[in-house]
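To start, the structure itself, in structure tokens.
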Amino acid sequence: MIQLVGFDQVLQAVRNLPDTVKAKTMKAIMVKNQQPIVKGIKAITPKSNLKTRVRKNKKGETLRDKKGREKLISAGNLQKSIGARAFGKGTQIDSYAGIQKKGRYDGYYGFWIARGSKYITKNDFITRGAAPQLQTAANNLGDDITKHIVANAQRLGLNAR
């Protein structure tokens, strides 16, 4: 059981922290709480039948990375590109769980699969995978914030057990 002695002091100590410290901490907590949603989306992400495919531009030329290697798209690329991010300025922090378009696994084409196009039927795997996990993530967020305050209470100059 968590017991905070002098909760008014806790609130005052948290308010006295610089905004950058609060924002950085909240971003980390929010990304951690997005992980059940990420797992839910990854579980139902469709996979391609292709083993690997070379990426080409509009002219049909093979795309290459900075080291001159051909850019490849593998069958599990979309699933590996799903992750969580937190971003924002000051005290406004937002988090996102879904397709990431930067990094080693570029799931840029996942948006067409999820929303459909003229040639591709809509398969909204993101919403279907995230929906059952949203309540779990929301419940865990409050608990994690409380745990963080208690864990760092000594640093804040509080008496917490």
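Labels for the structure tokens follow display order: chains A, B, ..., residues from 1 in each chain, ligands from 1.
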Restrict the calculation to only C-alpha atoms, then for each residue of range 59-114 of chain A with any atom at most 12 Å from an atom of range 129-136 of chain A give the closest atom pair and their distance in Å to one decimal, rows by chain and rising residue number, as JSON lines.
```
{"residue": "A:Ile82", "atom": "CA", "partner": "A:Gly129", "partner_atom": "CA", "distance": 11.5}
{"residue": "A:Gly83", "atom": "CA", "partner": "A:Ala130", "partner_atom": "CA", "distance": 12.0}
{"residue": "A:Ala84", "atom": "CA", "partner": "A:Ala130", "partner_atom": "CA", "distance": 11.9}
{"residue": "A:Tyr96", "atom": "CA", "partner": "A:Ala130", "partner_atom": "CA", "distance": 11.2}
{"residue": "A:Ala97", "atom": "CA", "partner": "A:Ala130", "partner_atom": "CA", "distance": 8.5}
{"residue": "A:Gly98", "atom": "CA", "partner": "A:Ala130", "partner_atom": "CA", "distance": 8.9}
{"residue": "A:Ala114", "atom": "CA", "partner": "A:Gly129", "partner_atom": "CA", "distance": 11.5}
```
Select from range 79-159 of chain A everything DSSP, run on the backbone, classes as strand (DSSP E or B), then give the selection as a PyMOL selection string. chain A and resi 82-89+92-99
Show me, as a ChimeraX atom specification, the residues that have an atom within 12 Å of range 65-67 of chain A when counting only C-alpha atoms, minus same-chain residues fewer than 4 positions from it. /A:54-56,71-72,104
Hey, can you check how far CA of Thr25 in chain A sits from CA of Gly142 in chain A? 13.5 Å
Tell me, which residues of range 3-137 of chain A carry DSSP helix (DSSP H, G or I), written as a compact mmCIF listing (two decimals) with N, CA and C atoms, in the first residue's frame?
```txt
# COMPACT_ATOMS: atom_id res chain seq x y z
N PHE A 7 0.17 15.31 1.50
CA PHE A 7 -0.09 15.33 0.05
C PHE A 7 0.01 16.75 -0.50
N ASP A 8 -0.32 17.75 0.30
CA ASP A 8 -0.20 19.14 -0.17
C ASP A 8 1.26 19.47 -0.49
N GLN A 9 2.18 18.91 0.30
CA GLN A 9 3.60 19.12 0.03
C GLN A 9 4.00 18.45 -1.28
N VAL A 10 3.41 17.29 -1.56
CA VAL A 10 3.69 16.58 -2.81
C VAL A 10 3.29 17.45 -3.99
N LEU A 11 2.07 17.95 -3.94
CA LEU A 11 1.59 18.79 -5.04
C LEU A 11 2.45 20.04 -5.21
N GLN A 12 2.83 20.66 -4.11
CA GLN A 12 3.66 21.86 -4.19
C GLN A 12 5.04 21.54 -4.76
N ALA A 13 5.61 20.40 -4.35
CA ALA A 13 6.93 20.00 -4.86
C ALA A 13 6.88 19.71 -6.35
N VAL A 14 5.82 19.06 -6.79
CA VAL A 14 5.67 18.77 -8.22
C VAL A 14 5.49 20.06 -9.01
N ARG A 15 4.72 20.99 -8.45
CA ARG A 15 4.52 22.28 -9.14
C ARG A 15 5.82 23.07 -9.23
N ASN A 16 6.71 22.91 -8.26
CA ASN A 16 7.96 23.65 -8.25
C ASN A 16 9.00 23.09 -9.22
N ASP A 19 9.33 22.78 -15.91
CA ASP A 19 8.45 22.14 -16.89
C ASP A 19 9.18 21.08 -17.70
N THR A 20 10.46 21.29 -17.98
CA THR A 20 11.19 20.30 -18.79
C THR A 20 11.31 18.97 -18.07
N VAL A 21 11.50 19.00 -16.76
CA VAL A 21 11.61 17.76 -15.98
C VAL A 21 10.26 17.05 -15.97
N LYS A 22 9.18 17.81 -15.76
CA LYS A 22 7.85 17.21 -15.74
C LYS A 22 7.50 16.62 -17.11
N ALA A 23 7.81 17.36 -18.17
CA ALA A 23 7.47 16.90 -19.52
C ALA A 23 8.25 15.64 -19.88
N LYS A 24 9.54 15.61 -19.57
CA LYS A 24 10.38 14.46 -19.90
C LYS A 24 9.89 13.22 -19.16
N THR A 25 9.53 13.38 -17.90
CA THR A 25 9.03 12.27 -17.10
C THR A 25 7.69 11.78 -17.64
N MET A 26 6.80 12.69 -17.96
CA MET A 26 5.48 12.30 -18.48
C MET A 26 5.59 11.62 -19.83
N LYS A 27 6.51 12.07 -20.67
CA LYS A 27 6.70 11.42 -21.96
C LYS A 27 7.11 9.96 -21.77
N ALA A 28 8.04 9.72 -20.86
CA ALA A 28 8.51 8.36 -20.60
C ALA A 28 7.38 7.49 -20.06
N ILE A 29 6.58 8.04 -19.15
CA ILE A 29 5.46 7.28 -18.58
C ILE A 29 4.41 6.99 -19.64
N MET A 30 4.13 7.96 -20.50
CA MET A 30 3.11 7.77 -21.53
C MET A 30 3.53 6.73 -22.57
N VAL A 31 4.80 6.74 -22.97
CA VAL A 31 5.29 5.75 -23.93
C VAL A 31 5.22 4.36 -23.31
N LYS A 32 5.57 4.25 -22.04
CA LYS A 32 5.49 2.95 -21.35
C LYS A 32 4.06 2.44 -21.33
N ASN A 33 3.10 3.32 -21.13
CA ASN A 33 1.70 2.91 -21.07
C ASN A 33 1.09 2.64 -22.44
N GLN A 35 2.53 0.65 -24.56
CA GLN A 35 3.02 -0.67 -24.99
C GLN A 35 1.92 -1.72 -25.14
N PRO A 36 0.89 -1.80 -24.26
CA PRO A 36 -0.18 -2.78 -24.52
C PRO A 36 -0.92 -2.49 -25.83
N ILE A 37 -1.07 -1.23 -26.17
CA ILE A 37 -1.73 -0.85 -27.42
C ILE A 37 -0.87 -1.28 -28.60
N VAL A 38 0.43 -1.06 -28.51
CA VAL A 38 1.36 -1.45 -29.57
C VAL A 38 1.30 -2.96 -29.79
N LYS A 39 1.29 -3.74 -28.70
CA LYS A 39 1.22 -5.20 -28.82
C LYS A 39 -0.09 -5.63 -29.45
N GLY A 40 -1.19 -4.96 -29.11
CA GLY A 40 -2.48 -5.29 -29.71
C GLY A 40 -2.51 -5.03 -31.20
N ILE A 41 -1.91 -3.93 -31.63
CA ILE A 41 -1.87 -3.60 -33.06
C ILE A 41 -0.97 -4.58 -33.80
N LYS A 42 0.19 -4.88 -33.22
CA LYS A 42 1.13 -5.81 -33.87
C LYS A 42 0.53 -7.19 -34.04
N ALA A 43 -0.34 -7.58 -33.10
CA ALA A 43 -0.91 -8.93 -33.14
C ALA A 43 -1.78 -9.16 -34.38
N ASN A 77 8.02 -6.03 -42.31
CA ASN A 77 8.43 -4.65 -42.16
C ASN A 77 7.36 -3.79 -41.50
N LEU A 78 6.11 -3.93 -41.91
CA LEU A 78 5.03 -3.12 -41.34
C LEU A 78 4.84 -3.43 -39.87
N GLN A 79 4.86 -4.69 -39.52
CA GLN A 79 4.68 -5.08 -38.13
C GLN A 79 5.81 -4.55 -37.25
N LYS A 80 7.03 -4.59 -37.77
CA LYS A 80 8.18 -4.11 -37.00
C LYS A 80 8.21 -2.59 -36.89
N GLY A 110 1.68 1.37 -44.71
CA GLY A 110 0.64 0.91 -43.79
C GLY A 110 -0.57 1.82 -43.75
N PHE A 111 -0.37 3.11 -44.05
CA PHE A 111 -1.48 4.05 -44.06
C PHE A 111 -2.46 3.71 -45.19
N TRP A 112 -1.95 3.24 -46.33
CA TRP A 112 -2.83 2.86 -47.43
C TRP A 112 -3.60 1.60 -47.08
N ILE A 113 -2.96 0.68 -46.38
CA ILE A 113 -3.65 -0.55 -45.98
C ILE A 113 -4.74 -0.22 -44.96
N ALA A 114 -4.44 0.63 -44.00
CA ALA A 114 -5.39 0.95 -42.94
C ALA A 114 -6.57 1.79 -43.45
N ARG A 115 -6.32 2.73 -44.34
CA ARG A 115 -7.38 3.64 -44.79
C ARG A 115 -7.94 3.30 -46.16
N PHE A 125 -6.68 -2.16 -39.34
CA PHE A 125 -6.10 -3.02 -38.31
C PHE A 125 -5.64 -2.21 -37.10
N ILE A 126 -5.36 -0.93 -37.28
CA ILE A 126 -4.89 -0.10 -36.16
C ILE A 126 -6.00 0.08 -35.13
N THR A 127 -7.17 0.48 -35.57
CA THR A 127 -8.29 0.70 -34.65
C THR A 127 -8.73 -0.61 -34.01
N ARG A 128 -8.82 -1.69 -34.80
CA ARG A 128 -9.24 -2.97 -34.27
C ARG A 128 -8.25 -3.52 -33.24
N GLY A 129 -6.96 -3.28 -33.44
CA GLY A 129 -5.95 -3.78 -32.51
C GLY A 129 -5.84 -2.95 -31.25
N ALA A 130 -6.09 -1.65 -31.37
CA ALA A 130 -5.93 -0.74 -30.23
C ALA A 130 -7.14 -0.71 -29.33
N ALA A 131 -8.34 -0.88 -29.87
CA ALA A 131 -9.58 -0.70 -29.11
C ALA A 131 -9.64 -1.53 -27.82
N PRO A 132 -9.32 -2.83 -27.84
CA PRO A 132 -9.43 -3.60 -26.59
C PRO A 132 -8.39 -3.19 -25.53
N GLN A 133 -7.33 -2.53 -25.93
CA GLN A 133 -6.24 -2.21 -25.01
C GLN A 133 -6.32 -0.79 -24.44
N LEU A 134 -7.20 0.05 -24.96
CA LEU A 134 -7.25 1.46 -24.54
C LEU A 134 -7.57 1.61 -23.05
N GLN A 135 -8.53 0.86 -22.56
CA GLN A 135 -8.92 0.97 -21.15
C GLN A 135 -7.79 0.54 -20.23
N THR A 136 -7.06 -0.51 -20.60
CA THR A 136 -5.92 -0.97 -19.81
C THR A 136 -4.85 0.10 -19.71
N ALA A 137 -4.56 0.73 -20.85
CA ALA A 137 -3.55 1.79 -20.86
C ALA A 137 -3.98 2.98 -20.03
```
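Counting from CA of Thr62 in chain A, the distance to CA of Lys122 in chain A is 28.5 Å.
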Å distance separating CA of Arg85 in chain A from CA of Leu141 in chain A, one decimal place: 15.0 Å
